[in-house]
file final.cif (mmCIF, C-alpha atoms and all ligand atoms)
data_query
loop_
_atom_site.label_atom_id
_atom_site.label_comp_id
_atom_site.auth_asym_id
_atom_site.auth_seq_id
_atom_site.Cartn_x
_atom_site.Cartn_y
_atom_site.Cartn_z
CA MET D 137 113.86 89.09 90.37
CA LEU D 138 113.30 85.58 91.73
CA HIS D 139 116.27 84.18 89.86
CA LEU D 140 118.45 86.53 91.92
CA LEU D 141 117.13 84.86 95.07
CA THR D 142 117.59 81.28 93.92
CA PRO D 143 120.45 79.47 95.68
CA ASP D 144 122.45 77.06 93.54
CA GLU D 145 122.72 74.62 96.42
CA ILE D 146 121.02 74.26 99.81
CA TYR D 147 122.44 72.40 102.82
CA PRO D 148 121.28 71.91 106.41
CA SER D 149 124.55 73.38 107.72
CA LEU D 150 127.97 74.60 106.65
CA THR D 151 129.53 71.32 107.74
CA ALA D 152 127.21 69.44 105.37
CA VAL D 153 128.39 71.41 102.32
CA ASP D 154 129.83 69.00 99.76
CA LEU D 155 133.29 70.37 98.97
CA GLU D 156 133.96 67.85 96.22
CA ARG D 157 130.73 68.83 94.48
CA LEU D 158 131.75 72.50 94.60
CA ARG D 159 135.17 71.62 93.25
CA ARG D 160 133.54 69.78 90.34
CA ARG D 161 131.55 72.95 89.61
CA GLY D 162 134.87 74.74 89.19
CA VAL D 163 134.79 76.52 92.54
CA ARG D 164 138.23 77.39 93.96
CA GLY D 165 137.36 80.10 96.46
CA LEU D 166 134.84 80.17 99.30
CA VAL D 167 133.46 83.38 100.74
CA LEU D 168 131.99 82.67 104.15
CA ASP D 169 129.29 84.57 105.95
CA LEU D 170 129.98 84.88 109.69
CA ASP D 171 126.81 85.22 111.75
CA ASN D 172 124.72 82.08 111.91
CA THR D 173 126.89 80.45 109.24
CA LEU D 174 130.32 80.03 110.88
CA VAL D 175 129.23 80.90 114.43
CA ALA D 176 125.98 81.43 116.32
CA TYR D 177 124.76 85.01 116.14
CA GLY D 178 126.94 87.37 118.18
CA ARG D 179 129.57 84.73 119.05
CA THR D 180 133.22 84.34 118.09
CA ASP D 181 133.72 80.62 118.80
CA PRO D 182 132.99 78.19 115.96
CA ALA D 183 131.98 74.62 116.77
CA GLU D 184 134.63 71.88 116.48
CA ALA D 185 132.79 70.45 113.45
CA VAL D 186 133.06 73.84 111.71
CA LEU D 187 136.80 74.01 112.40
CA ASP D 188 137.15 70.52 111.01
CA TRP D 189 135.20 71.42 107.86
CA LEU D 190 137.37 74.53 107.36
CA ARG D 191 140.49 72.38 107.60
CA ARG D 192 139.08 69.98 105.03
CA ALA D 193 138.24 72.90 102.72
CA GLN D 194 141.80 74.21 102.96
CA GLU D 195 143.25 70.74 102.40
CA ALA D 196 141.07 70.46 99.30
CA GLY D 197 142.84 73.55 97.97
CA MET D 198 139.99 76.01 98.55
CA ARG D 199 140.90 79.60 99.31
CA LEU D 200 138.80 81.08 102.08
CA CYS D 201 137.72 84.48 103.28
CA ILE D 202 134.99 85.93 105.49
CA LEU D 203 132.52 88.53 104.28
CA SER D 204 130.26 89.81 107.03
CA ASN D 205 127.88 92.64 107.74
CA GLY D 206 128.62 92.14 111.45
CA ARG D 207 130.39 94.50 113.81
CA PRO D 208 133.97 95.02 112.55
CA ARG D 209 135.62 94.22 115.88
CA ARG D 210 133.92 90.87 116.27
CA VAL D 211 134.42 90.00 112.61
CA ARG D 212 138.12 90.74 112.98
CA LEU D 213 138.46 88.77 116.24
CA THR D 214 136.73 85.72 114.81
CA ALA D 215 138.62 85.83 111.54
CA GLN D 216 141.95 86.19 113.34
CA ARG D 217 141.08 83.31 115.65
CA LEU D 218 140.35 81.18 112.58
CA GLY D 219 143.36 82.44 110.64
CA ILE D 220 141.15 83.37 107.69
CA PRO D 221 141.29 86.77 105.92
CA TRP D 222 138.18 88.91 106.15
CA ILE D 223 136.41 91.78 104.53
CA GLU D 224 134.45 94.25 106.58
CA SER D 225 131.56 95.14 104.48
CA TYR D 226 128.30 96.25 106.09
CA SER D 227 127.17 96.17 102.52
CA LYS D 228 125.81 92.76 101.52
CA PRO D 229 123.91 92.42 99.19
CA ARG D 230 125.85 95.21 97.47
CA ARG D 231 128.44 93.95 95.02
CA ARG D 232 131.41 95.84 96.36
CA GLY D 233 132.25 93.41 99.17
CA PHE D 234 131.85 90.42 96.85
CA ARG D 235 134.19 91.98 94.30
CA GLU D 236 136.74 92.67 97.02
CA ALA D 237 136.45 89.10 98.25
CA ALA D 238 137.09 87.61 94.79
CA ARG D 239 140.04 89.95 94.35
CA LEU D 240 141.45 88.85 97.70
CA LEU D 241 141.04 85.17 96.77
CA GLY D 242 142.38 85.67 93.26
CA THR D 243 139.36 83.95 91.73
CA GLN D 244 136.90 84.80 88.98
CA PRO D 245 133.29 85.26 90.14
CA HIS D 246 132.18 81.93 88.60
CA GLU D 247 134.98 80.18 90.52
CA THR D 248 133.85 81.73 93.77
CA ALA D 249 131.05 80.54 96.05
CA ILE D 250 129.30 82.50 98.77
CA LEU D 251 128.16 80.35 101.67
CA GLY D 252 125.62 82.00 103.94
CA ASP D 253 122.35 81.67 105.81
CA GLN D 254 120.37 84.56 104.34
CA LEU D 255 118.60 84.91 101.00
CA PHE D 256 118.48 88.70 100.91
CA THR D 257 122.12 89.34 101.73
CA ASP D 258 124.24 86.27 100.89
CA VAL D 259 122.30 84.72 98.00
CA LEU D 260 121.12 88.00 96.46
CA GLY D 261 124.57 89.60 96.63
CA GLY D 262 126.21 86.43 95.35
CA ARG D 263 123.84 86.12 92.39
CA ARG D 264 124.29 89.78 91.52
CA SER D 265 128.04 89.22 91.53
CA GLY D 266 128.05 86.06 89.41
CA PHE D 267 129.09 83.81 92.31
CA VAL D 268 127.95 80.26 92.96
CA THR D 269 125.47 80.60 95.84
CA VAL D 270 125.16 78.13 98.69
CA LEU D 271 122.44 78.58 101.29
CA VAL D 272 122.83 76.92 104.70
CA ASN D 273 120.43 76.85 107.61
CA PRO D 274 121.25 79.25 110.46
CA VAL D 275 123.43 77.84 113.25
CA SER D 276 121.05 79.02 115.97
CA ARG D 277 117.56 80.39 116.29
CA ARG D 278 118.82 83.40 118.21
CA GLU D 279 118.58 86.38 115.86
CA LEU D 280 117.96 90.10 115.78
CA PRO D 281 114.25 91.09 115.74
CA HIS D 282 114.91 92.53 112.29
CA THR D 283 116.23 89.17 111.06
CA ARG D 284 113.17 87.34 112.38
CA LEU D 285 111.04 89.52 110.15
CA VAL D 286 113.35 88.82 107.25
CA ARG D 287 112.91 85.08 107.88
CA LEU D 288 109.16 85.42 107.29
CA LEU D 289 109.87 86.96 103.91
CA GLU D 290 112.45 84.26 103.19
CA ARG D 291 109.84 81.58 103.80
CA LEU D 292 107.51 83.26 101.34
CA VAL D 293 110.26 83.47 98.72
CA MET D 294 111.23 79.83 99.30
CA ARG D 295 107.60 78.84 98.66
CA LEU D 296 107.58 80.85 95.43
CA LEU D 297 110.86 79.22 94.38
CA LEU D 298 109.29 75.82 94.98
CA TRP D 299 106.14 76.71 93.02
CA GLN D 300 108.21 77.91 90.11
CA GLY D 301 110.32 74.77 90.16
CA ARG D 302 113.51 76.74 90.86
CA ILE D 303 114.24 74.53 93.86
CA ASP D 304 113.09 71.01 94.53
CA ARG D 305 110.90 69.86 97.38
CA ASP D 306 113.78 68.27 99.29
CA ALA D 307 115.68 71.57 99.31
CA TRP D 308 112.56 73.43 100.36
CA GLN D 309 111.87 71.04 103.21
CA LEU D 310 115.45 71.29 104.36
CA ARG D 311 114.97 75.02 104.73
CA THR D 312 111.52 75.08 106.26
CA SER D 313 111.55 72.08 108.59
MG MG D 401 124.39 85.31 108.43
#

call {"tool": "encode", "arguments": {"input": "final.cif", "output": "C-alpha cells"}}
result
Amino acid sequence: MLHLLTPDEIYPSLTAVDLERLRRRGVRGLVLDLDNTLVAYGRTDPAEAVLDWLRRAQEAGMRLCILSNGRPRRVRLTAQRLGIPWIESYSKPRRRGFREAARLLGTQPHETAILGDQLFTDVLGGRRSGFVTVLVNPVSRRELPHTRLVRLLERLVMRLLLWQGRIDRDAWQLRTS
C-alpha cells in the first residue's frame, strides 16, 4: 500500500518543479491539480510565477491539462483563463480521470506526470495509473476542514515513508516544515 503513496519527486511549490529533470525521465505530458497547486484554494487567479512556469513548460514542449476534483464551473473558468484543457473529474484518486487526461495529452502513462499537493488523491491516483508522481506543497494554508484532517494523515504517511527509506530526509523536511 505504501508504495502507492510514495511520490517520485517532492518540491516546495509548482514553480520549483524541475522541468528538465522531468523531461530526462521521459515525461512529455503534465497533468496539473488545480486547488492549492495552481491556485490558492477556491481561487481562479494563478500567481505571476505560476503563469511564468506554465509558459516555460509549454516552451519545453510539455503538453498540459488540468485534472481537478473542484467545482466544475470554477475549474472551467480557471482552465479557460489559462488556456489549458481540463478534465472535470470529482474522482481522483480513481483511475478514470487519469486515463482521460493521458488520452487528451496523447501520452502513455509512463510519459505523463501528475503534479499535485495531496497524497491521497494526486499521488495515489497517479501511482495507480502508472504516472510519474510529483508532490508539491499547498499554495496556501486555507483549506476545507476535511482537508485539514487529511493533512494529519498525510503527515503520518510521510513519516512512515521516511522510516521505510522510500523518501529521503530532505524531501520529508520539505513537506513537514
Ligand atoms: Mg489540490

call {"tool": "residues_near_ligand", "arguments": {"input": "final.cif", "ligand": "ligand MG 401 (chain D)", "cutoff": "6 Å", "atoms": "all atoms listed in the file", "output": "number ranges by chain"}}
result
D: 169-173, 252-254

call {"tool": "residues_around", "arguments": {"input": "final.cif", "residues": "D:Arg295", "least_positions_apart": "6", "cutoff": "12 Å", "atoms": "only C-alpha atoms", "output": "list in words"}}
result
Leu138, Leu141, Thr142, Leu288, Leu289, Gly301, Arg302, Ile303, Asp304, Arg305, Ala307, Trp308, Gln309, Arg311 and Thr312 of chain D

call {"tool": "closest_residue", "arguments": {"input": "final.cif", "among": "D:Asp181, D:Glu195, D:Glu290, D:Glu224", "to": "D:Leu260", "atoms": "only C-alpha atoms"}}
result
D:Glu290

call {"tool": "closest_residue", "arguments": {"input": "final.cif", "among": "D:Pro143, D:Pro229, D:Pro245, D:Pro281", "to": "D:Gly261", "atoms": "all atoms listed in the file"}}
result
D:Pro229

call {"tool": "atom_distance", "arguments": {"input": "final.cif", "atom1": "atom CA of D:Lys228", "atom2": "atom CA of D:Trp299"}}
result
26.8 Å

call {"tool": "closest_residue", "arguments": {"input": "final.cif", "among": "D:Val275, D:Leu187, D:Leu292, D:Ala193", "to": "D:Asp154", "atoms": "only C-alpha atoms"}}
result
D:Ala193

call {"tool": "atom_distance", "arguments": {"input": "final.cif", "atom1": "atom CA of D:Gly178", "atom2": "atom CA of D:Arg239"}}
result
27.3 Å

call {"tool": "closest_residue", "arguments": {"input": "final.cif", "among": "D:Asn273, D:Ala237, D:Gln244, D:Gly266", "to": "D:Leu174", "atoms": "all atoms listed in the file"}}
result
D:Asn273

call {"tool": "closest_residue", "arguments": {"input": "final.cif", "among": "D:Gly262, D:Gly233, D:Gly219, D:Gly206", "to": "D:Arg191", "atoms": "all atoms listed in the file"}}
result
D:Gly219

call {"tool": "atom_distance", "arguments": {"input": "final.cif", "atom1": "atom CA of D:Leu297", "atom2": "atom CA of D:Arg231"}}
result
22.9 Å

call {"tool": "residues_around", "arguments": {"input": "final.cif", "residues": "D:Arg159", "least_positions_apart": "3", "cutoff": "12 Å", "atoms": "only C-alpha atoms", "output": "list of chain:residue names"}}
result
D:Val153, D:Asp154, D:Leu155, D:Glu156, D:Gly162, D:Val163, D:Arg164, D:Gly165, D:Leu166, D:Ala193, D:Ala196, D:Gly197, D:Met198, D:Arg199, D:His246, D:Glu247, D:Thr248, D:Ala249, D:Val268

call {"tool": "closest_residue", "arguments": {"input": "final.cif", "among": "D:Ile146, D:Leu240, D:Leu280, D:Ala185", "to": "D:Leu310", "atoms": "all atoms listed in the file"}}
result
D:Ile146

call {"tool": "axis_aligned_box", "arguments": {"input": "final.cif", "around": "stretch 220-236 of chain D", "padding_each_side": "4 Å", "output": "JSON"}}
result
{"center_x": 132.6, "center_y": 89.8, "center_z": 101.0, "size_x": 25.4, "size_y": 20.9, "size_z": 21.4}

call {"tool": "residues_near_point", "arguments": {"input": "final.cif", "point": "(138.6, 88.2, 114.4)", "cutoff": "12 Å", "atoms": "all atoms listed in the file", "output": "VMD selection string"}}
result
chain D and resid 170 175 179 to 182 201 to 204 206 to 224
